[in-house]
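Content type compact mmCIF, C-alpha atoms, from the file target_6.txt:
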# COMPACT_ATOMS: atom_id res chain seq x y z
CA MET F 18 95.33 133.52 84.91
CA LEU F 19 98.88 132.17 84.80
CA ARG F 20 99.54 134.12 81.58
CA LYS F 21 98.32 137.35 83.19
CA LEU F 22 100.60 136.87 86.18
CA TRP F 23 103.53 135.95 83.95
CA ILE F 24 103.41 138.90 81.59
CA GLY F 25 102.05 141.37 84.15
CA CYS F 26 105.18 140.96 86.25
CA ALA F 27 106.92 143.45 83.96
CA LEU F 28 104.86 146.23 85.52
CA ALA F 29 106.09 145.54 89.03
CA ALA F 30 109.16 147.68 88.37
CA PHE F 31 106.88 150.72 87.91
CA GLY F 32 105.11 150.34 91.24
CA CYS F 33 101.67 151.31 89.98
CA ALA F 34 98.35 149.61 89.39
CA SER F 35 97.36 148.68 85.87
CA ASN F 36 94.84 150.98 84.19
CA PRO F 37 92.38 149.79 81.51
CA ALA F 38 94.72 150.62 78.61
CA VAL F 39 97.47 148.57 80.23
CA GLU F 40 95.12 145.63 80.71
CA THR F 41 94.16 145.88 77.05
CA ALA F 42 97.79 146.10 75.97
CA LEU F 43 98.60 142.96 77.91
CA HIS F 44 95.58 140.84 77.07
CA GLY F 45 93.41 142.49 74.39
CA ASP F 46 93.59 143.15 70.67
CA LEU F 47 95.10 146.10 68.82
CA ALA F 48 91.81 147.72 67.79
CA SER F 49 90.64 147.71 71.41
CA LEU F 50 93.93 149.22 72.54
CA LYS F 51 93.58 152.06 70.04
CA ARG F 52 90.09 152.84 71.33
CA GLN F 53 91.24 152.67 74.94
CA ILE F 54 94.16 155.03 74.35
CA ARG F 55 91.87 157.55 72.64
CA ALA F 56 89.39 157.34 75.51
CA GLU F 57 92.00 157.77 78.23
CA ARG F 58 93.59 160.68 76.40
CA ALA F 59 90.19 162.37 76.08
CA ASP F 60 89.64 161.89 79.83
CA GLY F 61 93.07 163.33 80.66
CA ASP F 62 94.33 160.06 82.11
CA LEU F 63 97.45 159.64 79.96
CA ASP F 64 100.08 161.45 81.99
CA ARG F 65 103.73 160.53 81.73
CA SER F 66 103.65 157.78 84.37
CA ALA F 67 100.58 156.18 82.77
CA VAL F 68 102.28 156.15 79.34
CA GLU F 69 105.43 154.65 80.87
CA GLU F 70 103.34 151.86 82.38
CA LEU F 71 101.58 151.35 79.05
CA ALA F 72 104.93 151.25 77.21
CA ALA F 73 106.17 148.55 79.58
CA ALA F 74 103.02 146.53 78.89
CA VAL F 75 103.36 146.90 75.11
CA ALA F 76 107.03 145.92 75.10
CA SER F 77 106.32 143.02 77.44
CA ARG F 78 103.53 141.76 75.19
CA GLU F 79 105.88 141.88 72.19
CA ILE F 80 108.54 139.94 74.10
CA HIS F 81 106.04 137.39 75.37
CA SER F 82 103.93 136.75 72.29
CA SER F 83 106.43 136.60 69.42
CA ARG F 84 108.08 133.40 68.26
CA GLY F 85 111.07 132.31 66.17
CA GLN F 86 113.04 134.89 64.22
CA VAL F 87 110.40 137.51 64.96
CA ALA F 88 110.99 137.01 68.68
CA GLU F 89 114.73 137.40 68.21
CA ALA F 90 114.19 140.61 66.24
CA ARG F 91 111.90 141.99 68.97
CA MET F 92 114.49 141.15 71.62
CA GLU F 93 117.15 143.06 69.70
CA ARG F 94 114.83 146.07 69.49
CA VAL F 95 114.40 146.21 73.29
CA ARG F 96 118.10 145.75 74.01
CA ALA F 97 118.66 149.40 74.86
CA CYS F 98 115.70 149.58 77.26
CA SER F 99 116.00 146.11 78.77
CA ARG F 100 116.52 147.20 82.39
CA PRO F 101 112.87 148.07 83.20
CA LEU F 102 111.80 144.94 81.30
CA ALA F 103 113.95 142.61 83.40
CA PRO F 104 110.96 140.80 85.03
CA VAL F 105 109.44 139.74 81.71
CA LEU F 106 112.89 138.94 80.31
CA ARG F 107 113.49 136.64 83.27
CA ALA F 108 110.26 134.85 82.54
CA ARG F 109 111.06 134.65 78.82
CA ALA F 110 114.53 133.27 79.56
CA ARG F 111 112.99 130.27 81.34
CA ARG F 112 111.94 128.83 77.98
CA SER F 113 114.31 126.83 75.81
CA ASP F 114 114.00 128.49 72.40
CA ASP F 115 116.49 130.83 70.74
CA ALA F 116 114.63 133.95 71.85
CA ALA F 117 114.89 132.74 75.43
CA ALA F 118 118.65 132.58 74.97
CA LEU F 119 118.69 136.18 73.79
CA ALA F 120 116.61 137.18 76.82
CA ALA F 121 119.21 135.50 79.02
CA LEU F 122 121.97 137.34 77.18
CA LEU F 123 120.27 140.69 77.82
CA LEU F 124 119.92 139.82 81.50
CA TYR F 125 123.61 138.90 81.66
CA GLU F 126 124.58 142.23 80.09
CA ARG F 127 122.55 143.94 82.82
CA GLY F 128 124.53 142.08 85.47
CA GLU F 129 121.65 139.84 86.54
CA LEU F 130 123.12 136.43 85.70
CA ASP F 131 126.35 134.80 86.84
CA ALA F 132 129.00 134.45 84.14
CA ASP F 133 130.57 131.26 85.47
CA ASP F 134 127.18 129.56 85.68
CA LEU F 135 126.25 130.55 82.12
CA VAL F 136 129.54 129.30 80.69
CA GLU F 137 129.34 125.99 82.47
CA ARG F 138 125.68 125.38 81.63
CA HIS F 139 125.65 126.41 77.97
CA ALA F 140 129.14 126.14 76.47
CA ARG F 141 128.31 122.75 74.95
CA ALA F 142 124.65 123.44 74.14
CA ALA F 143 123.25 122.05 70.90
CA SER F 144 121.68 125.45 70.21
CA GLY F 145 123.96 128.11 68.77
CA ALA F 146 121.85 130.77 70.49
CA TRP F 147 122.54 129.25 73.89
CA ARG F 148 126.22 128.77 73.11
CA ALA F 149 126.21 132.49 72.33
CA VAL F 150 125.09 133.15 75.91
CA ALA F 151 128.06 131.15 77.19
CA ALA F 152 130.38 132.88 74.74
CA ARG F 153 129.23 136.35 75.81
CA ALA F 154 129.81 135.41 79.46
CA SER F 155 133.38 134.23 78.79
CA SER F 156 135.14 137.58 79.20
CA SER F 157 137.10 136.68 82.36
CA SER F 158 140.62 135.30 82.32
CA ALA F 159 139.28 132.06 83.80
CA HIS F 160 137.37 131.41 80.56
CA ALA F 161 139.99 132.74 78.12
CA ALA F 162 140.73 129.43 76.42
CA ARG F 163 137.06 128.63 75.98
CA ARG F 164 136.41 132.16 74.68
CA ARG F 165 139.02 131.69 71.98
CA ARG F 166 137.45 128.39 70.94
CA PHE F 167 134.19 130.24 70.42
CA PHE F 168 135.93 132.43 67.81
CA VAL F 169 135.52 129.48 65.40
CA ASP F 170 132.15 128.18 66.56
CA PRO F 171 129.93 126.91 63.71
CA ASP F 172 127.19 129.40 64.66
CA GLU F 173 127.80 133.07 63.85
CA ARG F 174 125.84 134.17 66.92
CA ALA F 175 128.29 132.40 69.20
CA ARG F 176 131.25 133.83 67.30
CA ARG F 177 129.89 137.37 67.53
CA ALA F 178 129.21 136.96 71.24
CA ALA F 179 132.74 135.70 71.83
CA LEU F 180 134.15 138.70 69.96
CA GLU F 181 132.11 141.04 72.17
CA ALA F 182 133.46 139.21 75.23
CA SER F 183 136.99 139.60 73.87
CA PHE F 184 136.52 143.35 73.45
CA GLU F 185 135.56 143.47 77.11
CA ALA F 186 138.47 141.24 78.15
CA ALA F 187 141.14 143.19 76.19
CA ASP F 188 143.41 140.15 76.48
CA PRO F 189 146.56 140.26 74.27
CA ARG F 190 146.44 136.46 74.02
CA ASP F 191 143.26 136.81 71.95
CA VAL F 192 145.00 138.79 69.21
CA PRO F 193 145.97 135.96 66.83
CA GLY F 194 142.44 134.54 66.84
CA LEU F 195 140.91 137.98 66.49
CA LEU F 196 143.04 138.85 63.47
CA GLU F 197 142.15 135.51 61.91
CA ALA F 198 138.45 136.29 62.44
CA ALA F 199 138.94 139.77 61.02
CA ARG F 200 140.37 138.25 57.85
CA LEU F 201 138.31 135.13 57.35
CA ASP F 202 135.03 135.09 59.26
CA PRO F 203 132.25 134.67 56.66
CA ASP F 204 129.81 136.74 58.75
CA PRO F 205 130.00 140.45 57.75
CA ARG F 206 128.83 141.46 61.24
CA ALA F 207 131.62 139.48 62.91
CA ARG F 208 134.59 140.96 61.09
CA PRO F 209 134.18 144.55 62.40
CA LEU F 210 133.63 143.13 65.91
CA ALA F 211 136.89 141.22 65.60
CA MET F 212 138.70 144.37 64.48
CA ARG F 213 137.45 146.42 67.41
CA ALA F 214 138.30 143.62 69.84
CA ALA F 215 141.79 143.40 68.35
CA GLY F 216 142.14 147.15 68.85
CA ALA F 217 141.21 146.80 72.50
CA SER F 218 143.63 143.89 72.96
CA GLY F 219 146.77 144.53 70.93
CA GLY F 220 149.53 146.94 70.00
CA GLN F 221 151.96 147.27 67.11
CA GLN F 222 151.12 143.80 65.80
CA VAL F 223 147.50 144.83 65.35
CA VAL F 224 148.39 148.14 63.68
CA THR F 225 150.54 146.29 61.17
CA ALA F 226 147.83 143.70 60.54
CA PHE F 227 145.31 146.47 59.90
CA ASP F 228 147.63 147.90 57.24
CA ASP F 229 147.26 144.59 55.40
CA LEU F 230 143.50 144.40 55.93
CA TRP F 231 142.68 147.98 54.93
CA PRO F 232 142.90 147.66 51.11
CA ARG F 233 140.34 144.82 51.05
CA ALA F 234 138.12 146.11 53.86
CA ASN F 235 134.58 147.32 53.19
CA GLU F 236 133.17 150.54 54.65
CA ASP F 237 131.99 148.98 57.94
CA GLU F 238 135.33 147.26 58.41
CA ARG F 239 137.28 150.45 57.72
CA LYS F 240 135.13 152.29 60.25
CA ALA F 241 135.98 149.57 62.79
CA ILE F 242 139.69 149.95 62.03
CA ILE F 243 139.45 153.73 62.43
CA ASP F 244 137.75 153.26 65.82
CA ALA F 245 140.44 150.75 66.82
CA TRP F 246 143.28 153.11 65.90
CA ALA F 247 142.02 155.51 68.57
CA MET F 248 141.95 152.89 71.34
CA PRO F 249 144.51 153.22 74.15
CA LYS F 250 146.60 150.20 73.11
CA LEU F 251 146.88 151.38 69.49
CA VAL F 252 146.81 155.16 69.48
CA HIS F 253 150.44 155.44 70.65
CA SER F 254 151.60 152.42 68.62
CA GLY F 255 150.97 153.94 65.22
CA GLY F 256 147.20 154.45 65.43
CA ARG F 257 147.43 158.22 65.71
CA GLN F 258 149.58 158.47 62.58
CA ARG F 259 147.06 156.33 60.66
CA LEU F 260 144.22 158.56 61.82
CA VAL F 261 146.05 161.64 60.55
CA ALA F 262 146.88 160.01 57.22
CA THR F 263 143.30 158.81 56.72
CA ALA F 264 141.79 162.16 57.62
CA GLU F 265 144.15 164.05 55.30
CA SER F 266 144.33 161.71 52.30
CA MET F 267 140.93 160.00 52.14
CA ARG F 268 137.53 161.42 51.25
CA GLY F 269 134.03 160.50 52.35
CA ALA F 270 132.89 158.93 55.61
CA GLN F 271 136.32 157.47 56.40
CA SER F 272 138.02 160.87 56.37
CA VAL F 273 135.20 162.39 58.42
CA ALA F 274 135.31 159.57 61.01
CA ALA F 275 139.08 159.89 61.44
CA ALA F 276 138.91 163.70 61.60
CA ALA F 277 136.14 163.58 64.21
CA ILE F 278 138.33 161.41 66.45
CA LEU F 279 141.29 163.77 65.99
CA SER F 280 139.09 166.78 66.83
CA ARG F 281 138.49 165.24 70.28
CA MET F 282 142.21 164.93 70.97
CA ALA F 283 144.49 167.72 72.15
CA GLY F 284 146.52 170.46 70.50
CA ALA F 285 147.52 170.16 66.87
CA ASP F 286 145.56 166.94 66.35
CA ALA F 287 142.33 168.64 67.41
CA ALA F 288 143.00 171.63 65.17
CA LEU F 289 143.73 169.36 62.21
CA GLY F 290 140.59 167.30 62.78
CA ALA F 291 138.42 170.43 63.00
CA ALA F 292 139.95 171.88 59.82
CA ILE F 293 139.27 168.71 57.85
CA LEU F 294 135.69 168.56 59.14
CA ALA F 295 135.14 172.20 58.15
CA ARG F 296 136.39 171.36 54.67
CA ALA F 297 134.06 168.35 54.48
CA VAL F 298 131.10 170.55 55.45
CA ARG F 299 131.96 172.93 52.62
CA GLU F 300 133.10 170.58 49.86
CA GLY F 301 132.06 166.96 50.47
CA ALA F 302 129.38 164.85 48.87
CA GLU F 303 125.93 165.00 50.43
CA GLY F 304 126.37 162.13 52.91
CA GLU F 305 129.87 163.29 53.84
CA ARG F 306 128.64 166.82 54.47
CA GLN F 307 125.75 165.66 56.65
CA LEU F 308 128.04 163.50 58.77
CA ALA F 309 130.60 166.28 59.09
CA ILE F 310 127.92 168.77 60.15
CA GLU F 311 126.82 166.35 62.86
CA LEU F 312 130.32 165.64 64.19
CA ALA F 313 132.25 168.88 63.70
CA PRO F 314 133.18 170.76 66.92
CA PHE F 315 131.62 174.17 67.39
CA TRP F 316 134.59 175.45 69.38
CA ASP F 317 136.34 175.93 66.03
CA SER F 318 135.54 179.19 64.24
CA ASP F 319 136.02 177.71 60.75
CA VAL F 320 133.54 174.96 61.58
CA ARG F 321 130.99 177.52 62.72
CA LYS F 322 131.45 179.53 59.52
CA ALA F 323 131.09 176.39 57.37
CA VAL F 324 127.91 175.30 59.15
CA HIS F 325 126.42 178.78 58.90
CA ALA F 326 127.13 178.75 55.16
CA ALA F 327 125.56 175.30 54.84
CA ALA F 328 122.39 176.64 56.45
CA THR F 329 121.66 178.48 53.18
CA ASP F 330 122.76 175.64 50.89
CA PRO F 331 120.60 174.91 47.80
CA GLU F 332 120.51 171.23 48.84
CA LEU F 333 117.70 171.18 51.38
CA SER F 334 118.90 168.09 53.25
CA ILE F 335 122.21 169.89 53.92
CA ARG F 336 120.35 173.02 54.93
CA VAL F 337 118.22 171.15 57.48
CA ALA F 338 121.23 169.33 58.93
CA ALA F 339 123.06 172.64 59.40
CA LEU F 340 120.03 174.41 60.85
CA ALA F 341 119.48 171.53 63.26
CA ARG F 342 123.03 171.98 64.53
CA LEU F 343 122.68 175.75 64.74
CA ALA F 344 119.43 175.38 66.68
CA GLU F 345 121.47 173.78 69.47
CA ASN F 346 123.73 176.85 69.77
CA SER F 347 122.56 179.77 71.88
CA ALA F 348 123.99 182.40 69.53
CA SER F 349 122.18 181.06 66.46
CA ARG F 350 119.17 179.31 68.00
CA SER F 351 116.45 181.86 67.24
CA ALA F 352 117.25 182.34 63.54
CA ALA F 353 117.82 178.62 62.96
CA ARG F 354 114.49 177.69 64.50
CA ALA F 355 112.68 180.30 62.42
CA HIS F 356 114.17 178.88 59.21
CA LEU F 357 113.35 175.30 60.28
CA ARG F 358 109.73 176.34 60.95
CA TYR F 359 109.53 177.65 57.38
CA LEU F 360 110.89 174.36 56.01
CA SER F 361 108.53 172.33 58.18
CA LYS F 362 105.36 173.63 56.49
CA SER F 363 105.21 171.19 53.57
CA ASN F 364 104.49 167.45 53.63
CA ASP F 365 107.71 166.11 52.15
CA SER F 366 110.68 164.34 53.78
CA ILE F 367 112.53 167.63 54.28
CA ALA F 368 109.62 168.95 56.33
CA LEU F 369 109.69 165.77 58.43
CA GLU F 370 113.39 166.26 59.12
CA ALA F 371 112.81 169.91 59.99
CA ARG F 372 110.02 169.01 62.44
CA ALA F 373 112.20 166.39 64.09
CA ALA F 374 115.02 168.94 64.44
CA LEU F 375 112.65 171.47 66.00
CA ALA F 376 111.33 168.87 68.42
CA ARG F 377 114.89 168.00 69.50
CA ALA F 378 115.41 171.72 70.09
CA GLY F 379 112.27 171.84 72.26
CA ASP F 380 110.22 173.94 69.83
CA GLY F 381 106.55 173.10 70.35
CA SER F 382 105.36 174.91 67.22
CA VAL F 383 105.45 171.62 65.29
CA ARG F 384 103.30 169.65 67.75
CA GLY F 385 100.18 169.82 65.57
CA ALA F 386 102.00 168.65 62.44
CA LEU F 387 103.59 165.79 64.39
CA ILE F 388 100.22 164.66 65.73
CA ALA F 389 98.84 164.65 62.19
CA ALA F 390 101.86 162.62 61.00
CA LEU F 391 100.91 159.82 63.41
CA GLU F 392 98.25 158.93 60.81
CA ARG F 393 100.60 158.84 57.81
CA ARG F 394 100.80 155.66 55.74
CA ASN F 395 104.57 155.34 55.99
CA PRO F 396 105.54 153.61 59.27
CA ASP F 397 108.89 155.43 59.42
CA GLU F 398 107.06 158.76 59.34
CA ARG F 399 104.78 157.61 62.16
CA ARG F 400 107.79 156.46 64.20
CA ILE F 401 109.63 159.76 63.74
CA ALA F 402 106.49 161.71 64.64
CA ALA F 403 105.97 159.75 67.85
CA LEU F 404 109.61 159.99 68.89
CA SER F 405 109.56 163.74 68.20
CA LEU F 406 106.47 164.14 70.38
CA LEU F 407 108.35 162.40 73.17
CA GLU F 408 111.16 164.93 72.74
CA LEU F 409 108.53 167.62 73.32
CA GLY F 410 107.23 165.82 76.40
CA ASP F 411 103.83 165.13 74.82
CA TYR F 412 103.43 161.60 76.13
CA ALA F 413 99.66 161.55 75.71
CA GLN F 414 99.82 162.08 71.95
CA ALA F 415 102.89 159.88 71.45
CA ALA F 416 100.98 157.06 73.15
CA SER F 417 98.98 156.57 69.95
CA ALA F 418 102.05 154.89 68.44
CA LEU F 419 101.98 152.27 71.20
CA ALA F 420 98.98 150.85 69.32
CA ASP F 421 100.48 151.31 65.85
CA ASP F 422 99.66 148.69 63.23
CA ASP F 423 103.39 148.09 62.69
CA PRO F 424 104.91 146.03 65.55
CA GLU F 425 108.33 147.59 64.97
CA VAL F 426 106.88 151.06 65.46
CA ARG F 427 105.09 149.92 68.62
CA THR F 428 108.24 148.36 70.02
CA ASP F 429 110.57 151.23 69.12
CA VAL F 430 108.27 153.85 70.63
CA ALA F 431 107.71 151.76 73.77
CA CYS F 432 111.46 151.38 74.19
CA SER F 433 112.01 155.10 73.70
CA VAL F 434 109.41 155.89 76.37
CA LEU F 435 111.22 153.59 78.78
CA LEU F 436 114.59 155.15 77.92
CA HIS F 437 113.14 158.59 78.65
CA ARG F 438 111.88 157.31 81.98
CA ARG F 439 114.75 158.73 84.04
CA LYS F 440 115.01 161.97 82.08
CA PRO F 441 113.16 165.07 83.25
CA SER F 442 110.31 166.41 81.14
CA PRO F 443 111.27 169.25 78.76
Take the structure in this file and express it as structure tokens.
Amino acid sequence: MLRKLWIGCALAAFGCASNPAVETALHGDLASLKRQIRAERADGDLDRSAVEELAAAVASREIHSSRGQVAEARMERVRACSRPLAPVLRARARRSDDAAALAALLLYERGELDADDLVERHARAASGAWRAVAARASSSSAHAARRRRFFVDPDERARRAALEASFEAADPRDVPGLLEAARLDPDPRARPLAMRAAGASGGQQVVTAFDDLWPRANEDERKAIIDAWAMPKLVHSGGRQRLVATAESMRGAQSVAAAAILSRMAGADAALGAAILARAVREGAEGERQLAIELAPFWDSDVRKAVHAAATDPELSIRVAALARLAENSASRSAARAHLRYLSKSNDSIALEARAALARAGDGSVRGALIAALERRNPDERRIAALSLLELGDYAQAASALADDDPEVRTDVACSVLLHRRKPSP
């Protein structure tokens, strides 16, 4: 009984009584949940609100029942949709394990826990996961010295959390420690965080330091530096000039990322960024072209011409990416959707991409193929199918994935349902 009360509290935020599928999701087995979802769909009981309640139950069960590294992975997967799961996260945070610490961190990021209390309670914890909670809460000036000590904590989770807090603090006094972390932290996830935090905190000193770091930086680190150059404290201290030089002289994702930032600026910078993105759409390698198609601004006529040309490209992945973009534009929507429908007829990965693009465009012609794909052997295909059905507003069919054999599919689809909760139906 205690377990039912504990995990069932997650549904209080939805203000509705539990139906049989929800009860099964909370307390039954997966096979029973599959049968229950089929039965309720056949009876017409799986409307949007019922599927939202079911998604909350599925995500809550995953949070409650997993242990160890699996629990931490599940918690990361619900990070984006943690607000409606706050009741079960509060209950999970009352434990003492590492996953409980991550639950507390998610609650803090939602503004539910007091920063001063977390720093005082956990800054000296034996567990690195709990020290990470204190580190993440150390963004105020009152905790600046302690935050900087966390930059060199033995546990990478605490270091990463402190770097996130530093980004939020944007404190120039953090810069020396941030640049040291950007150079020397052994954790590959920490170094880009340090670079972005340095960008938020510093000026000319940081720009100069990035010049030294750039030749040895990997792709993720260079992307972080490019993002930092555009930040308010760097863009007028040499960051803009570096963005222009990178966009003009580099090739690949780095040039595209810099050009995309320039295209969102004003005047000549925007025109230059758009021109470089148009060139990348026409001439880049496959990955570069796909990224440029996604990011290029349609206000530019050369970009529009390049994307239209890419919509007939011999490389089908490029063609789908271009058609997906054109399907969002009123002037080209009808023709682009017709071409995507043609490409969606087969059973290969290109067809899957085409169906997903049509679903994002609100084209219900692919609903049947998406429902069939929920039974495919590949879990990624099942995930994409379910998420595409949600885009079409077909919650009843997408609900099948809430009982998927793969827990990552279940969790991702549940989280997506909860994220759609405040959006109107298509």
### Message
What's around Asp62 of chain F at 12 Å? Count all atoms listed in the file, leave out sequence neighbours fewer than 2 positions away in its own chain, and write the answer as a ChimeraX atom specification.
### Response
/F:36-38,53-60,64-68,71,412-414,416
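Using only C-alpha atoms, the nearest neighbour of Ala344 of chain F within the list F:Arg377, F:Ala283, F:Ala431, F:Asp330 is F:Arg377.
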### Message
Set the distance at 8 Å and use only C-alpha atoms: which residues neighbour segment 173-185 of chain F once local chain neighbours fewer than 6 positions away are removed? I'd like the list as a ChimeraX atom specification.
### Response
/F:145-146,148-150,152-156,164-165,167,191,195,204,206-207,210-211,213-215,217-218
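Going from atom CA of Arg111 of chain F to atom CA of Ala42 of chain F covers 22.6 Å.
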Residues at most 12 Å from Asp397 of chain F, counting all atoms listed in the file, excluding those fewer than 6 positions away in the same chain, as a PDB file with C-alpha atoms, in the frame of the given file?
ATOM      1  CA  SER F 366     110.680 164.340  53.780  1.00  0.00           C
ATOM      2  CA  LEU F 369     109.690 165.770  58.430  1.00  0.00           C
ATOM      3  CA  GLU F 370     113.390 166.260  59.120  1.00  0.00           C
ATOM      4  CA  ALA F 390     101.860 162.620  61.000  1.00  0.00           C
ATOM      5  CA  LEU F 391     100.910 159.820  63.410  1.00  0.00           C
ATOM      6  CA  ALA F 403     105.970 159.750  67.850  1.00  0.00           C
ATOM      7  CA  LEU F 404     109.610 159.990  68.890  1.00  0.00           C
ATOM      8  CA  ALA F 418     102.050 154.890  68.440  1.00  0.00           C
ATOM      9  CA  ASP F 421     100.480 151.310  65.850  1.00  0.00           C
ATOM     10  CA  ASP F 423     103.390 148.090  62.690  1.00  0.00           C
ATOM     11  CA  PRO F 424     104.910 146.030  65.550  1.00  0.00           C
ATOM     12  CA  GLU F 425     108.330 147.590  64.970  1.00  0.00           C
ATOM     13  CA  VAL F 426     106.880 151.060  65.460  1.00  0.00           C
ATOM     14  CA  ARG F 427     105.090 149.920  68.620  1.00  0.00           C
ATOM     15  CA  ASP F 429     110.570 151.230  69.120  1.00  0.00           C
ATOM     16  CA  VAL F 430     108.270 153.850  70.630  1.00  0.00           C
TER      17      VAL F 430
END
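One finds atom CA of Arg257 of chain F at 19.3 Å from atom CA of Pro209 of chain F.
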### Message
Just to confirm, what's the straight-line distance from atom CA of Arg91 of chain F to atom CA of Ala76 of chain F in Å (one decimal)?
### Response
8.8 Å
### Task
Name all residues at most 6 Å from segment 243-256 of chain F (count only C-alpha atoms; drop same-chain ones fewer than 6 positions away) and give them as a ChimeraX atom specification.
/F:213,216,220-221
### Who sits within 10 Å of Val324 of chain F, only C-alpha atoms, same chain under 2 positions skipped, as an MDAnalysis selection string
chainID F and resid 295 298:299 306 309:311 313 315 318:322 326:330 335:336 338:340 342:343
### Query
Nearest to Leu106 of chain F: which of F:Leu260, F:Ile401, F:Leu124, F:Ala371 is it, counting all atoms listed in the file?
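Of all the options, F:Leu124 lies closest to Leu106 of chain F.
Nearest to Pro205 of chain F of all the residues F:Glu408, F:Glu69, F:Asp131, F:Asp237 is F:Asp237, based on all atoms listed in the file.
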## Note on the structure
Ala389 of chain F proximity check over F:Ser417, F:Ser49, F:Thr263, F:Ser347, using all atoms listed in the file: winner is F:Ser417
### Task
Considering only C-alpha atoms, state which residue in the set F:Ala97, F:Ile388, F:Ala292, F:Ala285 is at the smallest distance from Ser405 of chain F.
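Nearest to Ser405 of chain F: F:Ile388.
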### Query
Counting all atoms listed in the file, which of F:Ala288, F:Leu294, F:Ala186, F:Leu43 gets nearest to Gly219 of chain F?
F:Ala186
### Task
Name the residues, using the chain letters and numbers of the file, that sit within 6 Å of (114.2, 170.3, 53.6) when counting only C-alpha atoms, and give them as a list in words.
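In the file's frame, the residues around the point are Leu333, Ser334, Val337, Leu360, Ile367 and Ala368 of chain F.
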Mind writing the picked residues with C-alpha atoms as a PDB file, keeping the file's coordinate frame?
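Now in out_23.pdb:
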ATOM      1  CA  LEU F 333     117.700 171.180  51.380  1.00  0.00           C
ATOM      2  CA  SER F 334     118.900 168.090  53.250  1.00  0.00           C
ATOM      3  CA  VAL F 337     118.220 171.150  57.480  1.00  0.00           C
ATOM      4  CA  LEU F 360     110.890 174.360  56.010  1.00  0.00           C
ATOM      5  CA  ILE F 367     112.530 167.630  54.280  1.00  0.00           C
ATOM      6  CA  ALA F 368     109.620 168.950  56.330  1.00  0.00           C
TER       7      ALA F 368
END
For the structure just given, write the atoms of segment 234-278 of chain F, namely C-alpha atoms, as a JSON list (two decimals), in the first residue's frame.
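What ended up in part.json:
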[["chain", "number", "residue", "atom", "x", "y", "z"],
["F", 234, "ALA", "CA", 40.38, 21.30, -29.48],
["F", 235, "ASN", "CA", 38.15, 18.46, -30.67],
["F", 236, "GLU", "CA", 34.88, 19.02, -32.53],
["F", 237, "ASP", "CA", 32.72, 19.38, -29.40],
["F", 238, "GLU", "CA", 35.18, 21.82, -27.88],
["F", 239, "ARG", "CA", 35.36, 23.91, -31.05],
["F", 240, "LYS", "CA", 31.56, 24.05, -31.13],
["F", 241, "ALA", "CA", 31.63, 25.31, -27.53],
["F", 242, "ILE", "CA", 34.19, 27.97, -28.46],
["F", 243, "ILE", "CA", 32.06, 29.07, -31.42],
["F", 244, "ASP", "CA", 29.02, 29.38, -29.13],
["F", 245, "ALA", "CA", 31.11, 31.34, -26.62],
["F", 246, "TRP", "CA", 32.35, 33.80, -29.26],
["F", 247, "ALA", "CA", 28.74, 34.88, -29.79],
["F", 248, "MET", "CA", 28.06, 35.55, -26.10],
["F", 249, "PRO", "CA", 27.59, 39.18, -25.02],
["F", 250, "LYS", "CA", 30.90, 39.45, -23.14],
["F", 251, "LEU", "CA", 32.92, 38.09, -26.08],
["F", 252, "VAL", "CA", 31.17, 39.09, -29.28],
["F", 253, "HIS", "CA", 32.44, 42.69, -29.08],
["F", 254, "SER", "CA", 35.84, 41.69, -27.67],
["F", 255, "GLY", "CA", 37.02, 39.82, -30.73],
["F", 256, "GLY", "CA", 34.39, 37.06, -30.85],
["F", 257, "ARG", "CA", 32.63, 38.46, -33.90],
["F", 258, "GLN", "CA", 35.88, 38.58, -35.89],
["F", 259, "ARG", "CA", 36.60, 34.95, -34.97],
["F", 260, "LEU", "CA", 33.12, 33.92, -36.09],
["F", 261, "VAL", "CA", 33.66, 35.58, -39.46],
["F", 262, "ALA", "CA", 37.09, 34.02, -39.90],
["F", 263, "THR", "CA", 35.82, 30.55, -38.96],
["F", 264, "ALA", "CA", 32.81, 30.78, -41.23],
["F", 265, "GLU", "CA", 34.89, 31.96, -44.19],
["F", 266, "SER", "CA", 38.04, 29.86, -43.82],
["F", 267, "MET", "CA", 36.89, 26.57, -42.28],
["F", 268, "ARG", "CA", 34.79, 23.78, -43.77],
["F", 269, "GLY", "CA", 32.39, 21.32, -42.21],
["F", 270, "ALA", "CA", 30.27, 21.68, -39.09],
["F", 271, "GLN", "CA", 32.47, 24.43, -37.62],
["F", 272, "SER", "CA", 31.96, 26.73, -40.60],
["F", 273, "VAL", "CA", 28.23, 26.00, -40.65],
["F", 274, "ALA", "CA", 27.86, 26.66, -36.89],
["F", 275, "ALA", "CA", 29.69, 29.99, -37.13],
["F", 276, "ALA", "CA", 27.75, 31.02, -40.26],
["F", 277, "ALA", "CA", 24.43, 30.16, -38.61],
["F", 278, "ILE", "CA", 25.25, 32.48, -35.71]]
